[in-house]
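Novice: Sharing work14.csv here; it has CSV, C-alpha atoms.
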```csv
chain,number,residue,atom,x,y,z
L,1,MET,CA,24.0,4.6,-2.7
L,2,ARG,CA,24.4,0.9,-3.5
L,3,ALA,CA,21.4,-1.0,-4.7
L,4,ILE,CA,20.3,-4.2,-6.6
L,5,VAL,CA,18.7,-3.2,-9.8
L,6,ALA,CA,16.6,-5.2,-12.3
L,7,THR,CA,17.4,-4.2,-15.9
L,8,ASP,CA,15.9,-6.8,-18.2
L,9,GLN,CA,12.5,-8.5,-17.6
L,10,SER,CA,13.3,-11.3,-20.1
L,11,ALA,CA,16.6,-12.1,-18.4
L,12,GLY,CA,15.1,-12.8,-14.9
L,13,VAL,CA,17.8,-13.2,-12.3
L,14,GLN,CA,20.5,-12.8,-14.9
L,15,GLY,CA,19.3,-9.2,-15.4
L,16,LEU,CA,20.0,-8.2,-11.8
L,17,ARG,CA,23.1,-6.3,-10.9
L,18,LEU,CA,24.6,-4.4,-7.9
L,19,THR,CA,25.4,-0.8,-8.7
L,20,GLU,CA,25.3,2.8,-7.5
L,21,ILE,CA,22.1,4.8,-8.0
L,22,ASP,CA,20.8,8.1,-6.8
L,23,HIS,CA,19.7,8.6,-3.2
L,24,PRO,CA,15.9,8.7,-3.0
L,25,HIS,CA,14.1,11.7,-1.7
L,26,ALA,CA,10.8,11.9,0.2
L,27,ALA,CA,7.7,13.0,-1.7
L,28,GLU,CA,4.6,14.3,0.1
L,29,ASN,CA,3.6,11.8,2.9
L,30,ASP,CA,6.7,9.8,2.2
L,31,VAL,CA,9.5,8.6,4.5
L,32,VAL,CA,13.0,7.8,3.5
L,33,VAL,CA,14.2,4.8,5.4
L,34,GLU,CA,17.8,3.9,6.1
L,35,VAL,CA,17.6,0.2,5.3
L,36,HIS,CA,19.1,-2.2,7.9
L,37,ALA,CA,17.5,-5.4,6.6
L,38,ALA,CA,15.3,-6.2,3.7
L,39,GLY,CA,13.0,-9.1,2.5
L,40,PHE,CA,12.1,-10.1,-1.0
L,41,THR,CA,9.9,-12.6,-2.8
L,42,ARG,CA,11.7,-14.7,-5.5
L,43,GLY,CA,8.7,-14.5,-7.8
L,44,GLU,CA,8.6,-10.7,-7.9
L,45,LEU,CA,10.7,-10.5,-11.0
L,46,THR,CA,7.6,-11.7,-12.8
L,47,TRP,CA,5.3,-9.1,-11.2
L,48,PRO,CA,4.1,-6.2,-13.5
L,49,GLY,CA,4.9,-3.7,-10.7
L,50,THR,CA,8.5,-4.6,-10.8
L,51,TRP,CA,8.8,-3.2,-14.3
L,52,THR,CA,6.1,-0.5,-14.7
L,53,ASP,CA,4.7,2.3,-12.5
L,54,ARG,CA,1.1,2.9,-11.5
L,55,ALA,CA,0.3,4.4,-15.0
L,56,GLY,CA,1.8,1.3,-16.7
L,57,ARG,CA,4.9,3.1,-17.9
L,58,ASP,CA,8.3,1.4,-18.0
L,59,ARG,CA,10.4,2.2,-14.9
L,60,THR,CA,13.5,0.1,-15.4
L,61,PRO,CA,16.1,-0.1,-14.1
L,62,SER,CA,14.1,-0.8,-10.9
L,63,VAL,CA,15.1,-1.9,-7.4
L,64,PRO,CA,13.4,-5.1,-6.2
L,65,GLY,CA,12.4,-6.1,-2.6
L,66,HIS,CA,9.5,-4.8,-0.7
L,67,GLU,CA,9.9,-5.7,3.0
L,68,VAL,CA,12.1,-3.3,5.0
L,69,ALA,CA,13.3,-2.7,8.6
L,70,GLY,CA,15.4,0.3,9.4
L,71,VAL,CA,15.5,3.8,10.7
L,72,VAL,CA,13.7,6.9,9.5
L,73,ALA,CA,16.2,9.2,7.8
L,74,GLU,CA,14.0,11.8,6.1
L,75,LEU,CA,10.3,12.9,6.3
L,76,GLY,CA,8.4,14.3,3.3
L,77,TYR,CA,6.0,17.2,3.4
L,78,GLY,CA,2.8,16.4,5.3
L,79,THR,CA,4.2,13.2,6.9
L,80,SER,CA,2.8,12.5,10.3
L,81,GLY,CA,3.0,9.7,12.9
L,82,LEU,CA,6.7,9.0,12.5
L,83,THR,CA,9.9,10.9,13.4
L,84,VAL,CA,13.5,11.1,12.1
L,85,GLY,CA,15.6,8.5,13.9
L,86,GLN,CA,12.7,6.2,14.7
L,87,ARG,CA,13.0,2.4,14.2
L,88,VAL,CA,10.3,1.3,11.7
L,89,TYR,CA,9.4,-1.7,9.5
L,90,GLY,CA,6.8,-2.3,6.8
L,91,LEU,CA,6.3,-2.5,3.0
L,92,ALA,CA,7.5,-0.5,0.1
L,93,ASP,CA,5.0,0.3,-2.7
L,94,TRP,CA,4.7,-2.4,-5.4
L,95,THR,CA,5.3,0.0,-8.3
L,96,ARG,CA,8.3,2.0,-6.8
L,97,ASN,CA,11.9,1.2,-6.1
L,98,GLY,CA,12.2,-1.3,-3.4
L,99,THR,CA,14.2,-2.2,-0.4
L,100,LEU,CA,17.3,-4.0,-1.7
L,101,ALA,CA,19.2,-0.8,-1.4
L,102,GLU,CA,20.9,1.3,1.3
L,103,TYR,CA,17.9,3.7,1.4
L,104,VAL,CA,14.3,3.5,0.2
L,105,ALA,CA,11.4,6.0,-0.1
L,106,VAL,CA,8.1,4.6,1.4
L,107,GLU,CA,4.7,5.9,2.0
L,108,ALA,CA,4.5,6.6,5.7
L,109,ARG,CA,1.2,4.8,6.1
L,110,ASN,CA,3.0,1.6,5.0
L,111,LEU,CA,5.3,1.7,8.0
L,112,ALA,CA,4.9,0.9,11.7
L,113,PRO,CA,7.1,1.6,14.7
L,114,LEU,CA,9.4,-1.2,15.5
L,115,PRO,CA,9.9,-2.1,19.2
L,116,ILE,CA,13.5,-2.2,20.5
L,117,SER,CA,12.8,-5.9,21.4
L,118,VAL,CA,12.6,-6.9,17.8
L,119,ASP,CA,15.9,-6.9,15.7
L,120,PHE,CA,15.9,-5.6,12.2
L,121,THR,CA,16.6,-9.0,10.6
L,122,THR,CA,13.6,-10.6,12.2
L,123,ALA,CA,11.4,-7.7,11.5
L,124,ALA,CA,12.2,-7.8,7.7
L,125,ALA,CA,10.8,-11.3,7.6
L,126,VAL,CA,7.3,-10.3,8.9
L,127,PRO,CA,5.5,-7.8,6.7
L,128,ILE,CA,4.3,-9.8,3.6
L,129,SER,CA,4.2,-13.1,5.3
L,130,GLY,CA,2.5,-11.8,8.5
L,131,LEU,CA,0.0,-9.6,6.8
L,132,THR,CA,-0.9,-12.4,4.3
L,133,ALA,CA,-1.4,-15.0,7.0
L,134,TRP,CA,-3.5,-12.6,9.2
L,135,GLU,CA,-5.7,-11.4,6.4
L,136,ALA,CA,-6.3,-14.9,5.0
L,137,LEU,CA,-7.2,-16.4,8.3
L,138,PHE,CA,-9.2,-13.7,10.0
L,139,ASP,CA,-10.3,-11.2,7.4
L,140,HIS,CA,-11.3,-13.6,4.6
L,141,ALA,CA,-11.8,-17.0,6.2
L,142,ARG,CA,-13.1,-15.6,9.5
L,143,LEU,CA,-11.4,-18.4,11.5
L,144,GLN,CA,-13.2,-19.2,14.8
L,145,VAL,CA,-12.1,-20.9,18.0
L,146,GLY,CA,-12.4,-24.6,17.7
L,147,GLN,CA,-12.3,-24.8,14.0
L,148,THR,CA,-9.8,-26.9,12.0
L,149,VAL,CA,-7.5,-25.1,9.6
L,150,LEU,CA,-5.3,-26.8,7.0
L,151,VAL,CA,-2.2,-24.7,6.2
L,152,HIS,CA,-0.2,-25.7,3.1
L,153,GLY,CA,3.4,-24.8,2.9
L,154,ALA,CA,3.5,-24.7,6.7
L,155,GLY,CA,7.3,-24.5,6.9
L,156,GLY,CA,7.5,-21.5,4.6
L,157,GLY,CA,7.2,-17.8,5.2
L,158,VAL,CA,3.4,-17.4,5.2
L,159,GLY,CA,2.7,-20.9,6.4
L,160,ALA,CA,4.9,-20.8,9.5
L,161,LEU,CA,3.2,-17.6,10.7
L,162,ALA,CA,-0.2,-18.8,9.8
L,163,VAL,CA,0.3,-22.0,11.9
L,164,GLN,CA,1.3,-19.8,14.9
L,165,LEU,CA,-1.6,-17.3,14.5
L,166,ALA,CA,-4.2,-20.1,14.1
L,167,HIS,CA,-2.8,-22.0,17.1
L,168,HIS,CA,-3.0,-19.0,19.3
L,169,ALA,CA,-6.5,-18.2,18.1
L,170,GLY,CA,-7.7,-21.6,19.5
L,171,ALA,CA,-8.0,-23.5,16.2
L,172,ARG,CA,-6.9,-27.1,15.5
L,173,VAL,CA,-4.0,-26.7,13.0
L,174,ILE,CA,-2.9,-29.2,10.3
L,175,GLY,CA,0.3,-28.2,8.5
L,176,THR,CA,1.5,-29.6,5.2
L,177,GLY,CA,4.8,-29.6,3.4
L,178,ARG,CA,7.9,-31.7,2.8
L,179,ALA,CA,8.9,-34.5,5.2
L,180,ALA,CA,11.9,-32.4,6.3
L,181,ASP,CA,9.5,-29.7,7.6
L,182,ARG,CA,7.6,-32.0,9.9
L,183,ASP,CA,9.4,-31.2,13.2
L,184,THR,CA,9.6,-27.5,12.5
L,185,VAL,CA,5.8,-27.3,11.8
L,186,LEU,CA,4.8,-29.3,14.9
L,187,ASP,CA,7.1,-27.2,17.0
L,188,LEU,CA,5.4,-24.0,15.7
L,189,GLY,CA,2.1,-25.3,17.2
L,190,ALA,CA,0.5,-27.6,14.5
L,191,ASP,CA,-1.5,-30.5,15.9
L,192,ALA,CA,-0.7,-32.7,12.9
L,193,PHE,CA,1.5,-32.7,9.8
L,194,VAL,CA,0.9,-34.1,6.3
L,195,ASP,CA,3.8,-34.9,4.0
L,196,LEU,CA,2.3,-33.9,0.6
L,197,GLN,CA,4.7,-36.2,-1.3
L,198,ASN,CA,4.1,-39.4,0.7
L,199,ASP,CA,0.9,-39.0,2.8
L,200,GLN,CA,-2.8,-38.9,1.8
L,201,LEU,CA,-4.2,-35.4,2.3
L,202,GLY,CA,-7.6,-36.9,3.1
L,203,ASP,CA,-6.2,-38.6,6.1
L,204,ALA,CA,-6.0,-35.2,7.8
L,205,GLY,CA,-9.8,-35.2,8.1
L,206,PRO,CA,-12.2,-32.4,7.1
L,207,ALA,CA,-11.1,-28.7,7.5
L,208,ASP,CA,-13.2,-25.6,8.1
L,209,VAL,CA,-10.5,-23.4,6.6
L,210,VAL,CA,-7.8,-24.1,4.0
L,211,LEU,CA,-4.9,-21.7,3.4
L,212,ASP,CA,-3.3,-22.5,0.1
L,213,VAL,CA,0.0,-20.9,-0.8
L,214,ILE,CA,0.9,-23.5,-3.5
L,215,GLY,CA,-1.9,-23.6,-6.0
L,216,GLY,CA,-2.4,-26.0,-8.9
L,217,ASP,CA,-3.0,-29.6,-8.0
L,218,THR,CA,-2.6,-28.9,-4.3
L,219,TYR,CA,-5.6,-26.5,-4.5
L,220,ARG,CA,-7.7,-29.1,-6.3
L,221,ARG,CA,-6.9,-31.8,-3.8
L,222,SER,CA,-7.8,-29.4,-1.0
L,223,LEU,CA,-11.4,-29.2,-2.1
L,224,ASP,CA,-11.9,-32.8,-1.1
L,225,VAL,CA,-11.0,-32.1,2.5
L,226,LEU,CA,-13.0,-28.9,2.8
L,227,ARG,CA,-15.9,-29.3,5.2
L,228,PRO,CA,-19.3,-28.2,3.7
L,229,GLY,CA,-19.7,-24.5,4.3
L,230,GLY,CA,-15.9,-24.1,4.7
L,231,CYS,CA,-13.6,-21.6,3.1
L,232,ILE,CA,-10.4,-22.0,1.0
L,233,VAL,CA,-8.2,-19.0,0.7
L,234,THR,CA,-5.6,-19.1,-2.1
L,235,VAL,CA,-2.7,-16.8,-2.6
L,236,PRO,CA,-0.9,-17.9,-5.9
L,237,GLU,CA,-3.8,-17.3,-8.3
L,238,PRO,CA,-7.6,-17.0,-8.6
L,239,PRO,CA,-9.4,-20.2,-7.9
L,240,PRO,CA,-9.5,-22.4,-11.1
L,241,VAL,CA,-12.4,-24.4,-9.5
L,242,ARG,CA,-14.8,-23.4,-6.7
L,243,PRO,CA,-16.1,-25.7,-4.0
L,244,GLU,CA,-19.6,-26.9,-4.5
L,245,ASN,CA,-20.6,-26.0,-0.9
L,246,GLY,CA,-18.2,-23.4,0.4
L,247,ARG,CA,-16.3,-20.3,-0.3
L,248,ALA,CA,-13.1,-19.8,-2.4
L,249,ILE,CA,-11.2,-16.5,-2.0
L,250,PHE,CA,-8.2,-15.1,-3.8
L,251,PHE,CA,-6.7,-11.8,-2.5
L,252,VAL,CA,-3.7,-9.5,-2.7
L,253,VAL,CA,-2.2,-8.5,0.6
L,254,GLU,CA,-3.0,-4.9,1.9
L,255,VAL,CA,-0.9,-2.9,4.2
L,256,ASP,CA,-2.3,-1.7,7.6
L,257,ARG,CA,-0.1,0.2,10.1
L,258,GLY,CA,-2.2,-1.0,13.1
L,259,ARG,CA,-1.9,-4.7,12.0
L,260,LEU,CA,1.9,-4.3,11.4
L,261,ALA,CA,2.2,-2.9,14.9
L,262,GLU,CA,0.2,-5.9,16.3
L,263,LEU,CA,2.4,-8.4,14.5
L,264,ALA,CA,5.6,-6.6,15.8
L,265,SER,CA,4.2,-6.7,19.3
L,266,ARG,CA,3.6,-10.4,19.1
L,267,VAL,CA,7.1,-11.0,17.7
L,268,GLY,CA,8.6,-8.9,20.5
L,269,ALA,CA,6.6,-10.9,23.1
L,270,GLY,CA,7.9,-14.1,21.7
L,271,THR,CA,4.5,-15.5,20.6
L,272,LEU,CA,5.1,-15.1,16.9
L,273,ASN,CA,8.4,-16.2,15.3
L,274,PRO,CA,9.2,-16.0,11.6
L,275,VAL,CA,11.3,-18.9,10.2
L,276,ILE,CA,14.5,-17.4,8.8
L,277,GLY,CA,16.7,-19.8,6.9
L,278,ALA,CA,19.5,-17.5,5.8
L,279,VAL,CA,20.8,-14.0,6.3
L,280,ARG,CA,23.0,-12.7,3.5
L,281,PRO,CA,24.7,-9.3,2.8
L,282,LEU,CA,23.6,-7.0,0.0
L,283,ASP,CA,26.6,-8.2,-2.1
L,284,GLU,CA,25.0,-11.7,-2.2
L,285,ALA,CA,21.4,-10.6,-2.8
L,286,ILE,CA,21.5,-11.7,-6.5
L,287,ASP,CA,22.6,-15.2,-5.6
L,288,ALA,CA,19.8,-15.3,-3.0
L,289,PHE,CA,17.1,-14.9,-5.7
L,290,ALA,CA,18.2,-18.2,-7.3
L,291,PRO,CA,19.8,-20.3,-4.5
L,292,ALA,CA,21.8,-23.4,-5.5
L,293,VAL,CA,20.4,-25.1,-2.5
L,294,ARG,CA,16.8,-24.9,-1.1
L,295,VAL,CA,16.7,-22.9,2.1
L,296,LYS,CA,14.2,-23.7,4.8
L,297,GLY,CA,12.4,-20.4,5.8
L,298,ARG,CA,12.9,-16.9,4.6
L,299,THR,CA,16.2,-15.4,3.3
L,300,ILE,CA,16.8,-11.9,4.6
L,301,ILE,CA,19.3,-9.4,3.2
L,302,LYS,CA,21.3,-7.6,5.9
L,303,VAL,CA,22.2,-4.2,4.4
L,304,ARG,CA,23.8,-2.7,7.6
```
Would you kindly transcribe this structure into structure tokens?
Specialist:
Amino acid sequence: MRAIVATDQSAGVQGLRLTEIDHPHAAENDVVVEVHAAGFTRGELTWPGTWTDRAGRDRTPSVPGHEVAGVVAELGYGTSGLTVGQRVYGLADWTRNGTLAEYVAVEARNLAPLPISVDFTTAAAVPISGLTAWEALFDHARLQVGQTVLVHGAGGGVGALAVQLAHHAGARVIGTGRAADRDTVLDLGADAFVDLQNDQLGDAGPADVVLDVIGGDTYRRSLDVLRPGGCIVTVPEPPPVRPENGRAIFFVVEVDRGRLAELASRVGAGTLNPVIGAVRPLDEAIDAFAPAVRVKGRTIIKVR
């Protein structure tokens, strides 16, 4: 089968190539998915799991990409809850071959049924971004009705879904980003927008919850607008500084089939919409890792 493989960690994107590799087979509790659409994170070429297995052993050449939407092609021994021919979506394991391929083996527990009302391309943009946004807002920050949440990178993959989830949860939402993202973020349900390059972050007023997907100076600036007793949840790295009177949480997203099903249900109902900036074929997946022009929203690889 055809797949994108990473061959050299030091080479980065230059070490990717499109080639033929062996068809995967389902281990115990696995599912082999016929991939129709796949999502990836540009930073994953720096992740340890891209290059080593769970025991820390080298596993190159490896297939990048973790988000998948497709059809169950094969069931492993002991697999339950899914059937051959069923539409599914979810996340591949961080330390196994990923989804930028025609087929991928995935633990069954990491997949959820995909309603017919949700197309494969849209579904592939949801797993990492949707789970990250949900877990940050509700599991870690414990966002409540009427609170104010500041969402950084509100026009991006995680941020766009976080704005919508927070809005529908009854929170006041302030989105940040580039000036070009203003209309998109406000259309998603944000009550206000802050241009991080030209506006003063403090003008947004105090926030009960901050979701930071940028890190660095943006994280530090956010501490000044966090209301006493509030919570800042950061995704890029552990907090370099903690608020004097509040909580700071760093986490790695966890997969939950029930939550994936809930996200898909909301997408199917039209109340949750990922922002997709480009859809490209598998032949162009390498170029998508290092685009010449910035793309607003997620880039999805259409395999079939």
Novice: Return as a Markdown table the residues of region 41-129 of chain L lying at most 8 Å from region 12-31 of chain L, together with the closest atom-to-atom pair for each and the distance in Å to one decimal, counting only C-alpha atoms, with rows in chain order and ascending residue number.
Specialist:
```
| residue | atom | partner | partner_atom | distance |
| --- | --- | --- | --- | --- |
| L:Leu45 | CA | L:Gly12 | CA | 6.3 |
| L:Thr46 | CA | L:Gly12 | CA | 7.9 |
| L:Val72 | CA | L:Val31 | CA | 6.7 |
| L:Ala73 | CA | L:Val31 | CA | 7.5 |
| L:Glu74 | CA | L:Val31 | CA | 5.7 |
| L:Leu75 | CA | L:Val31 | CA | 4.7 |
| L:Gly76 | CA | L:Ala26 | CA | 4.6 |
| L:Tyr77 | CA | L:Glu28 | CA | 4.6 |
| L:Gly78 | CA | L:Asn29 | CA | 5.2 |
| L:Thr79 | CA | L:Asn29 | CA | 4.3 |
| L:Ser80 | CA | L:Asn29 | CA | 7.5 |
| L:Tyr103 | CA | L:Pro24 | CA | 7.0 |
| L:Val104 | CA | L:Pro24 | CA | 6.3 |
| L:Ala105 | CA | L:Val31 | CA | 5.6 |
| L:Val106 | CA | L:Val31 | CA | 5.3 |
| L:Glu107 | CA | L:Asp30 | CA | 4.4 |
| L:Ala108 | CA | L:Asp30 | CA | 5.2 |
```
Novice: Restrict the calculation to only C-alpha atoms, then for each residue of region 89-109 of chain L with any atom at most 7 Å from an atom of region 49-70 of chain L give the closest atom pair and their distance in Å to one decimal, rows by chain and rising residue number, as a tab-separated table.
Specialist:
```
residue	atom	partner	partner_atom	distance
L:Tyr89	CA	L:Ala69	CA	4.1
L:Gly90	CA	L:Val68	CA	5.7
L:Leu91	CA	L:Glu67	CA	4.8
L:Ala92	CA	L:His66	CA	4.8
L:Trp94	CA	L:Gly49	CA	5.5
L:Thr95	CA	L:Gly49	CA	4.4
L:Arg96	CA	L:Asp53	CA	6.7
L:Asn97	CA	L:Val63	CA	4.6
L:Gly98	CA	L:Gly65	CA	4.9
L:Thr99	CA	L:Gly65	CA	4.8
L:Leu100	CA	L:Gly65	CA	5.4
```
Novice: (21.3, -2.7, 3.0) in this file's frame - what residues fall within 12 Å of it? Use all atoms listed in the file and give the answer as an NGL selection string.
Specialist: :L and (1-4 or 18 or 33-39 or 65 or 67-71 or 98-104 or 120-121 or 124 or 279-285 or 300-304)
Novice: So which residues fall inside 8 Å of (5.5, -26.0, 7.0) if we count all atoms listed in the file? Mind giving them as a list in words?
Specialist: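 It turns out the residues near that spot are Val151, His152, Gly153, Ala154, Gly155, Gly156, Gly159, Ala160, Gly175, Thr176, Gly177, Arg178, Asp181, Arg182, Thr184 and Val185 of chain L.
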Novice: CA of Cys231 (chain L) and CA of Arg247 (chain L), how far apart in Å?
Specialist: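 Taking CA of Arg247 (chain L) as the start and CA of Cys231 (chain L) as the end point, the length is 4.5 Å.
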Novice: So what do you get for CA of Arg42 (chain L) versus CA of Thr132 (chain L), distance-wise?
Specialist: 16.1 Å
Novice: Using all atoms listed in the file, which residues sit within 8 Å of region 189-202 of chain L once same-chain residues fewer than 2 positions away are excluded, as a ChimeraX atom specification?
Specialist: /L:163-164,167,172-179,182,185-187,204-206,221-222,224-225
Novice: What's around region 260-275 of chain L at 10 Å? Count all atoms listed in the file, leave out sequence neighbours fewer than 2 positions away in its own chain, and write the answer as a short mmCIF file (atom, residue, chain, number, x, y, z; two decimals) with C-alpha atoms, keeping the file's coordinate frame.
Specialist:
```cif
data_model
loop_
_atom_site.label_atom_id
_atom_site.label_comp_id
_atom_site.auth_asym_id
_atom_site.auth_seq_id
_atom_site.Cartn_x
_atom_site.Cartn_y
_atom_site.Cartn_z
CA VAL L 88 10.30 1.30 11.70
CA TYR L 89 9.40 -1.70 9.50
CA GLY L 90 6.80 -2.30 6.80
CA LEU L 91 6.30 -2.50 3.00
CA ASN L 110 3.00 1.60 5.00
CA LEU L 111 5.30 1.70 8.00
CA ALA L 112 4.90 0.90 11.70
CA PRO L 113 7.10 1.60 14.70
CA LEU L 114 9.40 -1.20 15.50
CA PRO L 115 9.90 -2.10 19.20
CA ILE L 116 13.50 -2.20 20.50
CA SER L 117 12.80 -5.90 21.40
CA VAL L 118 12.60 -6.90 17.80
CA ASP L 119 15.90 -6.90 15.70
CA THR L 122 13.60 -10.60 12.20
CA ALA L 123 11.40 -7.70 11.50
CA ALA L 124 12.20 -7.80 7.70
CA ALA L 125 10.80 -11.30 7.60
CA VAL L 126 7.30 -10.30 8.90
CA PRO L 127 5.50 -7.80 6.70
CA ILE L 128 4.30 -9.80 3.60
CA SER L 129 4.20 -13.10 5.30
CA GLY L 130 2.50 -11.80 8.50
CA LEU L 131 0.00 -9.60 6.80
CA TRP L 134 -3.50 -12.60 9.20
CA GLY L 155 7.30 -24.50 6.90
CA GLY L 156 7.50 -21.50 4.60
CA GLY L 157 7.20 -17.80 5.20
CA VAL L 158 3.40 -17.40 5.20
CA GLY L 159 2.70 -20.90 6.40
CA ALA L 160 4.90 -20.80 9.50
CA LEU L 161 3.20 -17.60 10.70
CA ALA L 162 -0.20 -18.80 9.80
CA VAL L 163 0.30 -22.00 11.90
CA GLN L 164 1.30 -19.80 14.90
CA LEU L 165 -1.60 -17.30 14.50
CA HIS L 168 -3.00 -19.00 19.30
CA THR L 184 9.60 -27.50 12.50
CA LEU L 188 5.40 -24.00 15.70
CA VAL L 255 -0.90 -2.90 4.20
CA ASP L 256 -2.30 -1.70 7.60
CA ARG L 257 -0.10 0.20 10.10
CA GLY L 258 -2.20 -1.00 13.10
CA GLY L 277 16.70 -19.80 6.90
CA ALA L 278 19.50 -17.50 5.80
CA LYS L 296 14.20 -23.70 4.80
CA GLY L 297 12.40 -20.40 5.80
CA ARG L 298 12.90 -16.90 4.60
CA THR L 299 16.20 -15.40 3.30
#
```
Novice: Give me region 79-86 of chain L with all heavy atoms filled in, as a compact mmCIF listing (two decimals), keeping the file's coordinate frame.
Specialist:
```txt
# COMPACT_ATOMS: atom_id res chain seq x y z
N THR L 79 4.06 14.47 6.19
CA THR L 79 4.20 13.20 6.90
C THR L 79 3.94 13.32 8.34
O THR L 79 4.50 14.21 8.99
CB THR L 79 5.56 12.55 6.61
OG1 THR L 79 5.75 12.38 5.20
CG2 THR L 79 5.68 11.20 7.30
N SER L 80 3.12 12.46 8.90
CA SER L 80 2.80 12.50 10.30
C SER L 80 2.88 11.10 10.92
O SER L 80 2.78 10.10 10.20
CB SER L 80 1.45 13.12 10.59
OG SER L 80 0.43 12.35 9.96
N GLY L 81 3.03 11.03 12.23
CA GLY L 81 3.00 9.70 12.90
C GLY L 81 4.34 9.08 13.07
O GLY L 81 4.47 8.10 13.81
N LEU L 82 5.38 9.60 12.40
CA LEU L 82 6.70 9.00 12.50
C LEU L 82 7.72 10.20 12.65
O LEU L 82 7.43 11.33 12.26
CB LEU L 82 7.07 8.22 11.25
CG LEU L 82 6.19 6.99 10.96
CD1 LEU L 82 6.53 6.40 9.60
CD2 LEU L 82 6.33 5.94 12.05
N THR L 83 8.90 9.88 13.18
CA THR L 83 9.90 10.90 13.40
C THR L 83 11.27 10.43 12.89
O THR L 83 11.54 9.22 12.81
CB THR L 83 10.05 11.26 14.89
OG1 THR L 83 10.41 10.08 15.63
CG2 THR L 83 8.74 11.81 15.44
N VAL L 84 12.13 11.38 12.54
CA VAL L 84 13.50 11.10 12.10
C VAL L 84 14.22 10.34 13.25
O VAL L 84 14.14 10.74 14.40
CB VAL L 84 14.25 12.33 11.69
CG1 VAL L 84 15.73 12.02 11.44
CG2 VAL L 84 13.61 12.94 10.45
N GLY L 85 14.91 9.27 12.92
CA GLY L 85 15.60 8.50 13.90
C GLY L 85 14.83 7.33 14.50
O GLY L 85 15.38 6.52 15.25
N GLN L 86 13.55 7.24 14.15
CA GLN L 86 12.70 6.20 14.70
C GLN L 86 12.91 4.87 14.00
O GLN L 86 13.08 4.81 12.79
CB GLN L 86 11.23 6.62 14.57
CG GLN L 86 10.23 5.68 15.23
CD GLN L 86 8.82 6.24 15.19
OE1 GLN L 86 8.53 7.19 14.47
NE2 GLN L 86 7.93 5.65 15.98
```
